[in-house]
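Pasting target-v4.cif here (mmCIF, C-alpha atoms):
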data_coords
loop_
_atom_site.label_atom_id
_atom_site.label_comp_id
_atom_site.auth_asym_id
_atom_site.auth_seq_id
_atom_site.Cartn_x
_atom_site.Cartn_y
_atom_site.Cartn_z
CA MET A 1 -10.78 -31.14 18.48
CA PRO A 2 -9.45 -30.12 15.05
CA ARG A 3 -10.43 -26.77 13.63
CA LYS A 4 -11.45 -25.93 10.06
CA ALA A 5 -12.00 -22.64 8.25
CA VAL A 6 -15.57 -21.87 7.33
CA VAL A 7 -16.63 -18.99 5.07
CA ASN A 8 -19.66 -16.81 5.62
CA ARG A 9 -20.71 -16.27 2.00
CA ARG A 10 -22.78 -13.24 2.92
CA LYS A 11 -19.71 -11.48 4.27
CA CYS A 12 -17.09 -12.71 1.76
CA ALA A 13 -16.03 -10.11 -0.83
CA TYR A 14 -14.29 -12.68 -3.08
CA CYS A 15 -10.94 -10.91 -2.93
CA GLY A 16 -8.58 -13.89 -2.61
CA ALA A 17 -6.63 -12.58 0.39
CA CYS A 18 -7.10 -15.92 2.16
CA ILE A 19 -5.67 -17.81 -0.81
CA ALA A 20 -2.50 -15.71 -0.76
CA VAL A 21 -1.71 -16.86 2.78
CA CYS A 22 -2.97 -20.45 2.85
CA PRO A 23 0.05 -22.72 3.38
CA VAL A 24 -1.75 -25.87 2.21
CA ASP A 25 -3.61 -24.67 -0.90
CA ALA A 26 -6.95 -25.45 0.75
CA ASN A 27 -8.96 -22.66 -0.85
CA GLU A 28 -9.71 -21.36 -4.30
CA LEU A 29 -11.44 -18.39 -5.86
CA VAL A 30 -13.73 -20.06 -8.37
CA GLU A 31 -14.73 -17.22 -10.68
CA THR A 32 -16.79 -15.28 -8.16
CA TYR A 33 -16.97 -17.38 -5.03
CA LEU A 34 -14.63 -18.82 -2.46
CA GLU A 35 -14.32 -22.58 -2.14
CA ILE A 36 -12.64 -24.10 0.92
CA TYR A 37 -11.50 -27.70 0.63
CA GLU A 38 -12.12 -29.04 4.11
CA ASP A 39 -10.03 -32.15 3.55
CA LYS A 40 -6.96 -29.99 2.89
CA CYS A 41 -7.51 -27.33 5.59
CA ASN A 42 -5.06 -27.73 8.47
CA GLY A 43 -6.92 -25.34 10.75
CA CYS A 44 -4.02 -22.86 11.09
CA GLY A 45 -6.36 -19.87 10.99
CA LEU A 46 -4.12 -17.57 8.91
CA CYS A 47 -6.92 -17.04 6.39
CA SER A 48 -9.24 -15.71 9.08
CA LYS A 49 -6.51 -13.28 10.21
CA VAL A 50 -5.96 -11.81 6.74
CA CYS A 51 -9.62 -11.63 5.70
CA PRO A 52 -10.55 -7.93 5.27
CA MET A 53 -14.21 -8.74 5.86
CA GLY A 54 -14.04 -10.98 8.90
CA ALA A 55 -15.82 -13.53 6.75
CA LEU A 56 -13.78 -16.55 7.79
CA ALA A 57 -14.27 -18.33 11.09
CA MET A 58 -12.45 -21.27 12.60
CA VAL A 59 -14.87 -23.87 13.87
CA GLU A 60 -14.26 -27.10 15.72
CA VAL A 61 -15.20 -30.21 13.84
CA GLU A 62 -15.61 -33.86 14.82
CA MET B 1 -0.37 -25.16 -29.74
CA TYR B 2 0.02 -21.60 -28.52
CA ASP B 3 3.34 -19.90 -28.10
CA VAL B 4 2.08 -18.26 -24.93
CA VAL B 5 -0.84 -18.79 -22.57
CA VAL B 6 -1.33 -15.93 -20.11
CA ILE B 7 -3.40 -16.50 -16.97
CA GLY B 8 -5.06 -13.35 -15.66
CA ALA B 9 -6.21 -10.27 -17.59
CA GLY B 10 -5.14 -7.54 -15.18
CA PRO B 11 -2.54 -4.96 -16.21
CA ALA B 12 0.36 -7.46 -16.04
CA GLY B 13 -1.36 -10.24 -17.99
CA SER B 14 -2.93 -8.09 -20.68
CA MET B 15 0.31 -6.19 -21.14
CA ALA B 16 2.21 -9.47 -21.55
CA ALA B 17 -0.38 -10.75 -24.02
CA LYS B 18 -0.37 -7.49 -25.96
CA THR B 19 3.43 -7.36 -26.16
CA ALA B 20 3.81 -11.01 -27.17
CA ALA B 21 1.05 -10.75 -29.78
CA GLU B 22 2.52 -7.58 -31.25
CA LEU B 23 5.80 -9.45 -31.64
CA GLY B 24 4.02 -12.06 -33.73
CA LEU B 25 3.44 -14.83 -31.19
CA SER B 26 0.25 -16.84 -30.95
CA VAL B 27 -1.24 -15.89 -27.60
CA LEU B 28 -4.15 -16.95 -25.45
CA LEU B 29 -5.21 -14.65 -22.59
CA VAL B 30 -7.38 -16.33 -19.96
CA GLU B 31 -9.46 -14.51 -17.31
CA LYS B 32 -11.41 -16.42 -14.70
CA ARG B 33 -13.90 -13.66 -14.09
CA GLN B 34 -16.66 -12.96 -16.55
CA GLU B 35 -15.76 -9.28 -16.67
CA ILE B 36 -12.27 -7.89 -17.07
CA GLY B 37 -11.35 -5.05 -14.72
CA THR B 38 -13.78 -5.76 -11.92
CA PRO B 39 -13.69 -5.91 -8.97
CA VAL B 40 -10.56 -3.75 -9.01
CA ARG B 41 -8.99 -4.53 -5.61
CA CYS B 42 -7.00 -1.35 -6.07
CA ALA B 43 -6.86 2.34 -5.11
CA GLU B 44 -6.11 3.11 -8.80
CA GLY B 45 -3.31 5.64 -8.33
CA ILE B 46 -0.29 5.77 -10.67
CA SER B 47 2.26 8.37 -11.69
CA LYS B 48 1.79 10.07 -15.00
CA GLU B 49 5.23 9.04 -16.14
CA ASN B 50 4.58 5.35 -15.53
CA ILE B 51 1.45 5.31 -17.59
CA GLU B 52 2.73 7.43 -20.45
CA GLN B 53 5.68 5.11 -20.85
CA PHE B 54 3.28 2.56 -22.33
CA PHE B 55 0.08 4.26 -23.40
CA GLU B 56 -1.29 7.25 -25.12
CA VAL B 57 -3.42 8.70 -22.38
CA ASP B 58 -7.12 8.55 -23.00
CA LYS B 59 -9.46 10.59 -20.80
CA LYS B 60 -11.88 7.68 -20.85
CA TRP B 61 -9.80 5.77 -18.31
CA ILE B 62 -8.47 8.68 -16.28
CA ALA B 63 -10.84 9.41 -13.39
CA ALA B 64 -8.82 12.29 -11.98
CA GLU B 65 -5.49 14.06 -12.11
CA VAL B 66 -3.72 15.07 -8.91
CA THR B 67 -0.81 17.41 -8.39
CA GLY B 68 0.11 16.65 -4.81
CA ALA B 69 -0.19 14.45 -1.76
CA LYS B 70 -0.92 15.22 1.87
CA ILE B 71 0.34 12.85 4.52
CA TYR B 72 -1.03 12.93 8.05
CA ALA B 73 0.89 11.69 11.08
CA PRO B 74 -1.11 10.11 13.93
CA ASP B 75 -1.37 13.52 15.67
CA LYS B 76 -2.54 15.08 12.37
CA THR B 77 0.75 16.81 11.61
CA GLU B 78 0.58 17.45 7.89
CA VAL B 79 3.30 16.87 5.32
CA VAL B 80 2.50 18.28 1.90
CA MET B 81 4.09 17.23 -1.33
CA SER B 82 3.15 19.18 -4.38
CA GLU B 83 4.39 19.51 -7.85
CA GLU B 84 4.79 23.21 -8.44
CA MET B 85 6.43 23.01 -11.76
CA ALA B 86 4.24 21.56 -14.45
CA GLY B 87 6.24 18.36 -14.57
CA ASN B 88 5.91 14.70 -15.22
CA GLU B 89 5.46 13.54 -11.69
CA VAL B 90 1.82 14.41 -11.23
CA GLY B 91 -0.41 11.47 -10.63
CA TYR B 92 -3.42 9.93 -12.22
CA VAL B 93 -6.23 8.11 -10.52
CA LEU B 94 -7.39 5.59 -13.08
CA GLU B 95 -10.76 4.12 -13.88
CA ARG B 96 -9.48 0.55 -13.81
CA LYS B 97 -12.72 -0.93 -15.09
CA ILE B 98 -12.10 0.89 -18.36
CA PHE B 99 -8.30 0.85 -18.30
CA ASP B 100 -7.97 -2.92 -17.81
CA ARG B 101 -10.40 -3.57 -20.66
CA HIS B 102 -8.50 -1.14 -22.83
CA ILE B 103 -5.27 -3.15 -22.47
CA ALA B 104 -7.09 -6.44 -23.01
CA ARG B 105 -8.62 -4.99 -26.17
CA LEU B 106 -5.21 -3.88 -27.39
CA ALA B 107 -4.00 -7.44 -26.81
CA ALA B 108 -6.95 -8.79 -28.80
CA LYS B 109 -6.36 -6.24 -31.54
CA ALA B 110 -2.75 -7.41 -31.78
CA GLY B 111 -4.03 -10.92 -32.40
CA ALA B 112 -4.30 -12.52 -28.96
CA GLU B 113 -7.27 -14.74 -28.25
CA VAL B 114 -9.12 -13.78 -25.09
CA TYR B 115 -11.25 -16.14 -23.00
CA VAL B 116 -13.25 -14.74 -20.09
CA LYS B 117 -15.15 -16.69 -17.43
CA THR B 118 -12.49 -19.33 -17.98
CA THR B 119 -10.44 -20.85 -15.19
CA ALA B 120 -7.01 -22.42 -15.49
CA VAL B 121 -7.66 -25.45 -13.32
CA ASP B 122 -4.25 -27.01 -13.51
CA PHE B 123 -1.13 -27.32 -15.62
CA GLU B 124 1.59 -29.83 -16.22
CA ARG B 125 5.02 -29.51 -17.78
CA LYS B 126 5.78 -32.31 -20.17
CA ASP B 127 8.23 -32.81 -23.02
CA GLY B 128 9.36 -29.20 -22.91
CA LYS B 129 5.82 -27.84 -23.15
CA VAL B 130 3.04 -26.90 -20.75
CA LYS B 131 -0.38 -28.51 -20.84
CA VAL B 132 -2.94 -26.17 -19.32
CA ARG B 133 -6.32 -27.51 -18.26
CA LEU B 134 -9.03 -24.89 -18.76
CA ARG B 135 -12.62 -24.86 -17.53
CA ARG B 136 -15.49 -22.76 -18.81
CA LEU B 137 -19.18 -23.16 -18.05
CA GLY B 138 -18.44 -26.52 -16.48
CA GLU B 139 -16.62 -27.87 -19.51
CA ASP B 140 -12.94 -28.88 -19.30
CA TRP B 141 -10.40 -28.99 -22.07
CA GLU B 142 -6.67 -28.77 -22.54
CA VAL B 143 -4.44 -26.40 -24.43
CA GLU B 144 -0.71 -26.59 -25.01
CA ALA B 145 1.78 -23.78 -24.74
CA LYS B 146 5.48 -23.24 -25.02
CA ILE B 147 5.29 -20.63 -22.28
CA LEU B 148 2.86 -20.06 -19.45
CA ILE B 149 2.73 -16.56 -17.97
CA GLY B 150 1.15 -16.42 -14.53
CA ALA B 151 -0.38 -13.00 -14.00
CA ASP B 152 -3.01 -14.44 -11.73
CA GLY B 153 -2.70 -12.00 -8.89
CA VAL B 154 -1.80 -12.20 -5.23
CA GLU B 155 -3.59 -15.54 -5.01
CA SER B 156 -1.50 -16.92 -7.91
CA LYS B 157 -2.02 -20.62 -8.41
CA VAL B 158 0.53 -20.70 -11.20
CA GLY B 159 3.27 -19.34 -8.95
CA ARG B 160 2.45 -21.63 -6.04
CA ARG B 161 2.03 -24.80 -8.07
CA ALA B 162 5.24 -24.11 -9.99
CA GLY B 163 7.01 -23.61 -6.67
CA ILE B 164 8.25 -20.15 -7.64
CA ILE B 165 6.67 -18.16 -4.83
CA LYS B 166 6.11 -18.94 -1.18
CA THR B 167 2.89 -18.34 0.66
CA LEU B 168 2.80 -14.86 2.19
CA ARG B 169 3.38 -14.48 5.92
CA MET B 170 1.25 -12.24 8.10
CA ASP B 171 3.81 -9.43 7.80
CA GLU B 172 4.18 -9.77 4.03
CA VAL B 173 0.65 -8.87 3.03
CA GLU B 174 -1.69 -5.92 3.56
CA SER B 175 -5.33 -6.68 4.16
CA CYS B 176 -7.36 -3.97 2.42
CA ALA B 177 -10.88 -2.61 2.20
CA GLN B 178 -12.13 0.34 0.17
CA TYR B 179 -15.29 2.27 -0.55
CA LEU B 180 -15.97 4.42 -3.55
CA LEU B 181 -17.67 7.36 -1.88
CA THR B 182 -19.59 10.08 -3.63
CA GLY B 183 -20.85 13.48 -2.49
CA LEU B 184 -17.55 14.35 -0.82
CA ASP B 185 -16.30 17.82 -0.07
CA ILE B 186 -12.54 17.49 -0.66
CA ASP B 187 -9.78 19.32 -2.46
CA GLU B 188 -9.42 17.04 -5.46
CA ARG B 189 -5.95 18.20 -6.36
CA TYR B 190 -4.46 15.98 -3.67
CA THR B 191 -4.28 12.37 -2.62
CA TYR B 192 -4.39 11.87 1.16
CA PHE B 193 -2.56 9.38 3.37
CA TYR B 194 -3.21 8.79 7.08
CA LEU B 195 -0.72 7.00 9.31
CA GLY B 196 -0.98 5.58 12.82
CA ARG B 197 -1.21 2.37 14.82
CA GLU B 198 -4.76 3.16 15.89
CA VAL B 199 -5.98 4.17 12.45
CA ALA B 200 -4.21 1.58 10.31
CA PRO B 201 -1.77 -0.73 12.12
CA GLY B 202 1.13 -1.54 9.81
CA GLY B 203 -0.42 0.26 6.88
CA TYR B 204 -2.28 3.47 6.09
CA ALA B 205 -5.64 4.86 5.16
CA TRP B 206 -6.07 6.73 1.89
CA ILE B 207 -8.35 9.05 -0.02
CA PHE B 208 -7.80 9.09 -3.79
CA PRO B 209 -10.10 11.52 -5.63
CA LYS B 210 -11.93 10.19 -8.65
CA GLY B 211 -13.47 13.45 -9.74
CA ASP B 212 -16.87 15.08 -9.29
CA GLY B 213 -16.90 14.73 -5.51
CA SER B 214 -16.12 11.04 -5.47
CA ALA B 215 -13.07 9.21 -4.14
CA ASN B 216 -11.62 5.84 -3.30
CA VAL B 217 -11.48 5.82 0.48
CA GLY B 218 -9.66 2.78 1.75
CA ILE B 219 -7.34 1.22 4.23
CA GLY B 220 -4.60 -1.39 4.39
CA VAL B 221 -3.60 -3.09 7.63
CA LEU B 222 -0.93 -5.66 8.43
CA PRO B 223 -2.58 -8.88 9.71
CA LYS B 224 0.37 -9.52 12.02
CA ILE B 225 -0.51 -6.56 14.21
CA ALA B 226 -4.11 -5.76 13.26
CA LYS B 227 -6.67 -6.54 15.92
CA LYS B 228 -9.77 -6.59 13.76
CA PRO B 229 -10.71 -6.95 10.08
CA ALA B 230 -9.69 -4.19 7.64
CA LYS B 231 -13.30 -3.25 6.98
CA GLU B 232 -13.82 -2.37 10.65
CA TYR B 233 -10.71 -0.16 10.62
CA LEU B 234 -12.05 1.53 7.50
CA ASP B 235 -15.41 2.28 9.09
CA ALA B 236 -13.66 3.62 12.19
CA PHE B 237 -11.42 5.84 10.02
CA ILE B 238 -14.39 7.32 8.16
CA GLU B 239 -16.17 7.94 11.44
CA ARG B 240 -13.10 9.55 13.03
CA GLU B 241 -12.43 11.84 10.08
CA GLY B 242 -16.08 12.76 9.77
CA ILE B 243 -16.05 11.81 6.11
CA GLU B 244 -19.54 12.18 4.79
CA GLY B 245 -20.34 10.59 1.51
CA LYS B 246 -22.46 7.84 0.08
CA ILE B 247 -21.01 4.43 -0.65
CA VAL B 248 -21.52 3.46 -4.27
CA GLU B 249 -19.01 0.63 -4.43
CA PHE B 250 -17.11 -1.62 -2.07
CA VAL B 251 -14.01 -3.72 -2.66
CA ALA B 252 -11.67 -5.81 -0.55
CA GLY B 253 -8.28 -7.22 -1.37
CA ALA B 254 -4.79 -8.23 -0.37
CA VAL B 255 -1.60 -6.52 -1.48
CA PRO B 256 1.75 -8.30 -1.26
CA VAL B 257 4.37 -6.27 0.63
CA TYR B 258 7.05 -8.88 0.24
CA GLY B 259 9.93 -7.08 -1.42
CA GLU B 260 11.95 -8.64 -4.20
CA ILE B 261 11.59 -12.35 -4.93
CA GLY B 262 14.72 -14.28 -5.97
CA THR B 263 13.33 -15.36 -9.31
CA ALA B 264 10.00 -15.09 -11.10
CA VAL B 265 10.66 -17.95 -13.51
CA SER B 266 10.95 -21.70 -13.78
CA ASP B 267 11.06 -23.92 -16.86
CA ASN B 268 8.39 -22.68 -19.33
CA ILE B 269 6.92 -20.30 -16.74
CA MET B 270 7.13 -16.59 -15.91
CA LEU B 271 5.21 -14.66 -13.26
CA ALA B 272 4.27 -10.98 -13.52
CA GLY B 273 2.55 -8.38 -11.35
CA ASP B 274 1.07 -9.26 -7.96
CA ALA B 275 1.64 -12.96 -8.74
CA ALA B 276 5.37 -12.19 -8.51
CA TYR B 277 4.83 -9.90 -5.50
CA HIS B 278 5.79 -6.95 -7.68
CA SER B 279 3.73 -4.41 -5.72
CA ASP B 280 5.58 -1.80 -3.70
CA PRO B 281 6.12 -2.79 -0.04
CA ILE B 282 5.70 0.76 1.26
CA THR B 283 3.01 2.31 -0.95
CA GLY B 284 1.26 -0.87 -2.01
CA GLY B 285 1.17 0.53 -5.55
CA GLY B 286 1.29 -2.20 -8.14
CA ILE B 287 0.01 -1.04 -11.53
CA ALA B 288 3.27 0.51 -12.79
CA ASN B 289 5.42 -2.50 -11.96
CA ALA B 290 2.76 -4.85 -13.30
CA LEU B 291 2.76 -3.04 -16.65
CA SER B 292 6.56 -3.10 -16.87
CA ALA B 293 6.77 -6.75 -15.83
CA GLY B 294 4.09 -7.74 -18.34
CA TYR B 295 5.93 -5.89 -21.07
CA TYR B 296 9.24 -7.61 -20.25
CA ALA B 297 7.59 -11.02 -20.00
CA GLY B 298 6.07 -10.56 -23.44
CA LYS B 299 9.43 -9.51 -24.90
CA VAL B 300 11.31 -12.42 -23.36
CA ALA B 301 8.59 -14.83 -24.53
CA ALA B 302 9.24 -13.68 -28.09
CA GLU B 303 13.00 -14.19 -27.68
CA ALA B 304 12.45 -17.63 -26.20
CA VAL B 305 10.21 -18.65 -29.10
CA GLU B 306 12.78 -17.39 -31.58
CA LYS B 307 15.58 -19.36 -29.88
CA ASN B 308 13.25 -22.27 -29.13
CA ASP B 309 14.56 -22.30 -25.56
CA PHE B 310 12.05 -22.29 -22.72
CA SER B 311 14.37 -23.30 -19.91
CA ALA B 312 14.43 -21.42 -16.62
CA GLU B 313 17.99 -20.53 -17.46
CA PHE B 314 16.95 -18.75 -20.64
CA LEU B 315 13.93 -17.10 -19.02
CA ARG B 316 16.19 -15.52 -16.38
CA MET B 317 16.57 -12.82 -19.00
CA TYR B 318 13.12 -11.75 -17.78
CA ASP B 319 14.35 -11.67 -14.16
CA ASN B 320 17.21 -9.43 -15.22
CA LEU B 321 14.87 -7.02 -16.96
CA TRP B 322 12.36 -6.52 -14.17
CA LYS B 323 15.03 -6.52 -11.48
CA ASN B 324 17.05 -3.88 -13.30
CA ASP B 325 13.92 -1.80 -13.63
CA PHE B 326 12.36 -1.96 -10.16
CA GLY B 327 14.00 -4.77 -8.14
CA LYS B 328 16.20 -2.37 -6.23
CA LYS B 329 13.24 -0.19 -5.38
CA LEU B 330 11.34 -3.21 -4.04
CA ARG B 331 14.32 -4.14 -1.85
CA ARG B 332 14.79 -0.59 -0.66
CA ASN B 333 11.13 -0.03 0.13
CA LYS B 334 10.91 -3.36 1.97
CA LYS B 335 13.67 -2.11 4.29
CA LEU B 336 11.78 1.12 4.70
CA GLN B 337 8.58 -0.79 5.50
CA GLU B 338 10.39 -2.80 8.19
CA LYS B 339 11.71 0.44 9.64
CA PHE B 340 8.24 1.97 9.52
CA LEU B 341 6.81 -1.02 11.41
CA GLU B 342 9.27 -0.48 14.25
CA MET B 343 8.22 3.15 14.67
CA SER B 344 5.84 4.19 17.41
CA ASP B 345 3.20 6.81 16.71
CA GLU B 346 5.30 9.27 18.73
CA THR B 347 8.28 8.73 16.44
CA ILE B 348 6.15 9.21 13.34
CA ASN B 349 4.71 12.41 14.83
CA LYS B 350 8.21 13.67 15.55
CA LEU B 351 9.45 12.84 12.07
CA ALA B 352 6.45 14.46 10.45
CA ALA B 353 6.86 17.61 12.57
CA SER B 354 10.47 17.92 11.49
CA ILE B 355 9.59 18.15 7.81
CA SER B 356 6.11 19.64 8.08
CA GLY B 357 5.95 23.01 6.37
CA LYS B 358 8.78 22.18 4.02
CA ASN B 359 7.25 22.00 0.63
CA LEU B 360 8.45 18.76 -0.90
CA LYS B 361 8.49 19.38 -4.59
CA GLU B 362 8.40 15.82 -5.70
CA MET B 363 5.73 13.25 -5.06
CA SER B 364 7.80 10.25 -4.12
CA VAL B 365 8.81 8.07 -1.21
CA ARG B 366 12.42 8.93 -1.97
CA ALA B 367 11.70 12.66 -1.56
CA ILE B 368 10.26 12.11 1.91
CA VAL B 369 13.08 9.85 3.06
CA THR B 370 15.73 12.22 1.72
CA GLU B 371 14.15 15.06 3.67
CA LEU B 372 13.88 12.91 6.80
CA LEU B 373 17.52 11.88 6.53
CA LYS B 374 18.53 15.53 6.52
CA ALA B 375 16.52 16.17 9.70
CA HIS B 376 17.39 12.91 11.51
CA PRO B 377 20.62 11.45 10.23
CA LYS B 378 20.98 9.19 13.29
CA LEU B 379 17.49 7.85 13.60
CA LEU B 380 17.50 6.60 10.06
CA LEU B 381 21.16 5.73 9.83
CA ASP B 382 20.53 2.22 8.57
CA LEU B 383 18.43 3.57 5.72
CA LYS B 384 21.17 5.83 4.49
CA ASP B 385 22.91 3.11 2.53
CA VAL B 386 19.82 2.15 0.64
CA PHE B 387 18.60 5.63 -0.14
CA MET B 388 21.51 7.97 -0.61
#

Now that the file is in, can you turn its structure into structure tokens?
Amino acid sequence: MPRKAVVNRRKCAYCGACIAVCPVDANELVETYLEIYEDKCNGCGLCSKVCPMGALAMVEVE
Amino acid sequence: MYDVVVIGAGPAGSMAAKTAAELGLSVLLVEKRQEIGTPVRCAEGISKENIEQFFEVDKKWIAAEVTGAKIYAPDKTEVVMSEEMAGNEVGYVLERKIFDRHIARLAAKAGAEVYVKTTAVDFERKDGKVKVRLRRLGEDWEVEAKILIGADGVESKVGRRAGIIKTLRMDEVESCAQYLLTGLDIDERYTYFYLGREVAPGGYAWIFPKGDGSANVGIGVLPKIAKKPAKEYLDAFIEREGIEGKIVEFVAGAVPVYGEIGTAVSDNIMLAGDAAYHSDPITGGGIANALSAGYYAGKVAAEAVEKNDFSAEFLRMYDNLWKNDFGKKLRRNKKLQEKFLEMSDETINKLAASISGKNLKEMSVRAIVTELLKAHPKLLLDLKDVFM
């Protein structure tokens, strides 16, 4: 099953680390919150590795 | 139409806007956050020399002044660097919240327009100009510019969409977390650095005093070898060191440790600061290079407007300026970072022991490496070419 990045907004510190490493431009820091564009996410998981907060999880989707 | 639109009001962007406006250009400075200078995503340290090159120092944005640094190897071997002579190399720990706003205000004073809480959604190059789509409070509109300066940080959309920079790999970025702690009992004349695979894999932990018993206490780890999030390493570090203080602020961030990029320009576009991976690959420090890069970008923008040439070829003048200033240092410190990553804790302990007790009279990476080369010419043979 394909995986997608999901953000826990209560853990996210809005730092943009995940955006710096996303190879497919699937996330954006919109002023003060992180938006993940699920249709673009390729499930590589790099964002969850770089996240200083452990706020990003890879979940399996249908 | 603007001569220059600058995206991002950090030190690089505001400096570029200020410089361009002072040279008579029409400038728009755009910041996506509603407040400039926060959250800082930064340990706020900079050498005195680097700041005085551009600004008259104002106590309002200096949190503390330090005269030395103490570096701790994994086994706690201490290496002390201190400036004994009252020289230029002492360091400042800034209050970025105030400092960043100060530069933005100088830009505004010089005539730049400043929009906060405004996002650059997209841009398009057409007929020798750039159309930038802006969004504020849900409303979209377009502005035109001859030059777009991307100072939009490590997450730079300008740089990625223009195809100037590549996405950072897991060994080209430090994942960072930091508390501002208060009620600390530390010698505030020093900054402190802690090394070790257990403490901070591929990075280091730091304590930067901010005066009156407070300090930035943070950590950077390399995602490639880190086993847990930076914040967990930070909490473990504080626990291990028995640092007792109250948390009054928390920030996270990513610092590029890429080295020197080939070019920071394309037609109509220049990148400055973290957007161009200008931060130092070994220290992670980025303010000094950001200020210089912003200054050069502003200067070159003025030349380009005068010559009415916005081609990448012309803008390479900007590449030449920043590369001549700190490109070599980025290259050199990237090599040093790669070397550092190969070292085991035992090696670092051994190296530290060999220079511990020698009072290094200059606070710089070069001073440490020079001393290490004297003690271990063989071990660091491949660094000799880049440093000596």

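Taking atom CA of Asn308 of chain B and atom CA of Gly13 of chain B as endpoints, the distance between them is 22.0 Å.
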
Subject >> Hits of the PyMOL selection byres ((chain A) within 7 of (chain B)) in this structure, as a count of residues only >> reply: 17

Subject >> Evaluate the PyMOL selection byres ((chain B and resi 286) around 9) and report residues as a VMD selection string >> reply: chain B and resid 42 46 255 273 to 274 277 to 280 283 to 285 287 to 291

Subject >> Selection dump of the PyMOL selection byres ((chain B and resi 63-76) around 7), as a ChimeraX atom specification >> reply: /B:61-62,77-83,90-95,188-196,209-211,345,348-349,352,363

Only C-alpha atoms, please: the residues just picked out, written as a PDB file, keeping the file's coordinate frame.
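Done, and the output landed in again-v8.pdb:
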ATOM      1  CA  TRP B  61      -9.800   5.770 -18.310  1.00  0.00           C
ATOM      2  CA  ILE B  62      -8.470   8.680 -16.280  1.00  0.00           C
ATOM      3  CA  THR B  77       0.750  16.810  11.610  1.00  0.00           C
ATOM      4  CA  GLU B  78       0.580  17.450   7.890  1.00  0.00           C
ATOM      5  CA  VAL B  79       3.300  16.870   5.320  1.00  0.00           C
ATOM      6  CA  VAL B  80       2.500  18.280   1.900  1.00  0.00           C
ATOM      7  CA  MET B  81       4.090  17.230  -1.330  1.00  0.00           C
ATOM      8  CA  SER B  82       3.150  19.180  -4.380  1.00  0.00           C
ATOM      9  CA  GLU B  83       4.390  19.510  -7.850  1.00  0.00           C
ATOM     10  CA  VAL B  90       1.820  14.410 -11.230  1.00  0.00           C
ATOM     11  CA  GLY B  91      -0.410  11.470 -10.630  1.00  0.00           C
ATOM     12  CA  TYR B  92      -3.420   9.930 -12.220  1.00  0.00           C
ATOM     13  CA  VAL B  93      -6.230   8.110 -10.520  1.00  0.00           C
ATOM     14  CA  LEU B  94      -7.390   5.590 -13.080  1.00  0.00           C
ATOM     15  CA  GLU B  95     -10.760   4.120 -13.880  1.00  0.00           C
ATOM     16  CA  GLU B 188      -9.420  17.040  -5.460  1.00  0.00           C
ATOM     17  CA  ARG B 189      -5.950  18.200  -6.360  1.00  0.00           C
ATOM     18  CA  TYR B 190      -4.460  15.980  -3.670  1.00  0.00           C
ATOM     19  CA  THR B 191      -4.280  12.370  -2.620  1.00  0.00           C
ATOM     20  CA  TYR B 192      -4.390  11.870   1.160  1.00  0.00           C
ATOM     21  CA  PHE B 193      -2.560   9.380   3.370  1.00  0.00           C
ATOM     22  CA  TYR B 194      -3.210   8.790   7.080  1.00  0.00           C
ATOM     23  CA  LEU B 195      -0.720   7.000   9.310  1.00  0.00           C
ATOM     24  CA  GLY B 196      -0.980   5.580  12.820  1.00  0.00           C
ATOM     25  CA  PRO B 209     -10.100  11.520  -5.630  1.00  0.00           C
ATOM     26  CA  LYS B 210     -11.930  10.190  -8.650  1.00  0.00           C
ATOM     27  CA  GLY B 211     -13.470  13.450  -9.740  1.00  0.00           C
ATOM     28  CA  ASP B 345       3.200   6.810  16.710  1.00  0.00           C
ATOM     29  CA  ILE B 348       6.150   9.210  13.340  1.00  0.00           C
ATOM     30  CA  ASN B 349       4.710  12.410  14.830  1.00  0.00           C
ATOM     31  CA  ALA B 352       6.450  14.460  10.450  1.00  0.00           C
ATOM     32  CA  MET B 363       5.730  13.250  -5.060  1.00  0.00           C
TER      33      MET B 363
END

**OP:** Excluding Cys41 of chain A and residues on its chain fewer than 3 positions from it, collect all residues at most 10 Å away from it, counting only C-alpha atoms, and give them as JSON, numbers by chain.
**Re:** {"A": [3, 4, 5, 6, 22, 23, 24, 25, 26, 27, 36, 37, 38, 44, 45]}

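The two atoms in question, atom CA of Ala215 of chain B and atom CA of Ile282 of chain B, are spaced 21.3 Å apart.
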
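Put simply, atom CA of Arg135 of chain B is 23.9 Å away from atom CA of Gly294 of chain B.
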
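Nearest residue to Val30 of chain A among B:Gly150, B:Gly138, B:Gly183, B:Pro201 is B:Gly138, counting only C-alpha atoms.
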
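Taking all atoms listed in the file into account, Glu28 of chain A lies nearest to A:Tyr14 out of the set A:Gly43, A:Glu60, A:Tyr14, A:Arg9.
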
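Closest approach to Ala367 of chain B among B:Ile355, B:Ile247, B:Leu137, B:Ala200 is made by B:Ile355 (distances from only C-alpha atoms).
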
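For the point (-17.7, 6.2, 4.4), the residues with at least one atom inside 8 Å, counting only C-alpha atoms, are Tyr179, Leu181, Val217, Leu234, Asp235, Ile238, Glu239, Ile243, Glu244, Gly245, Lys246 and Ile247 of chain B.
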
Might you pull out every residue within 10 Å of Met1 of chain A, with only C-alpha atoms counted and same-chain residues fewer than 6 positions away left off, and present them as a PDB file with C-alpha atoms, in the coordinates of the input?
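Dumped everything to out07.pdb:
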ATOM      1  CA  VAL A  59     -14.870 -23.870  13.870  1.00  0.00           C
ATOM      2  CA  GLU A  60     -14.260 -27.100  15.720  1.00  0.00           C
ATOM      3  CA  VAL A  61     -15.200 -30.210  13.840  1.00  0.00           C
ATOM      4  CA  GLU A  62     -15.610 -33.860  14.820  1.00  0.00           C
TER       5      GLU A  62
END
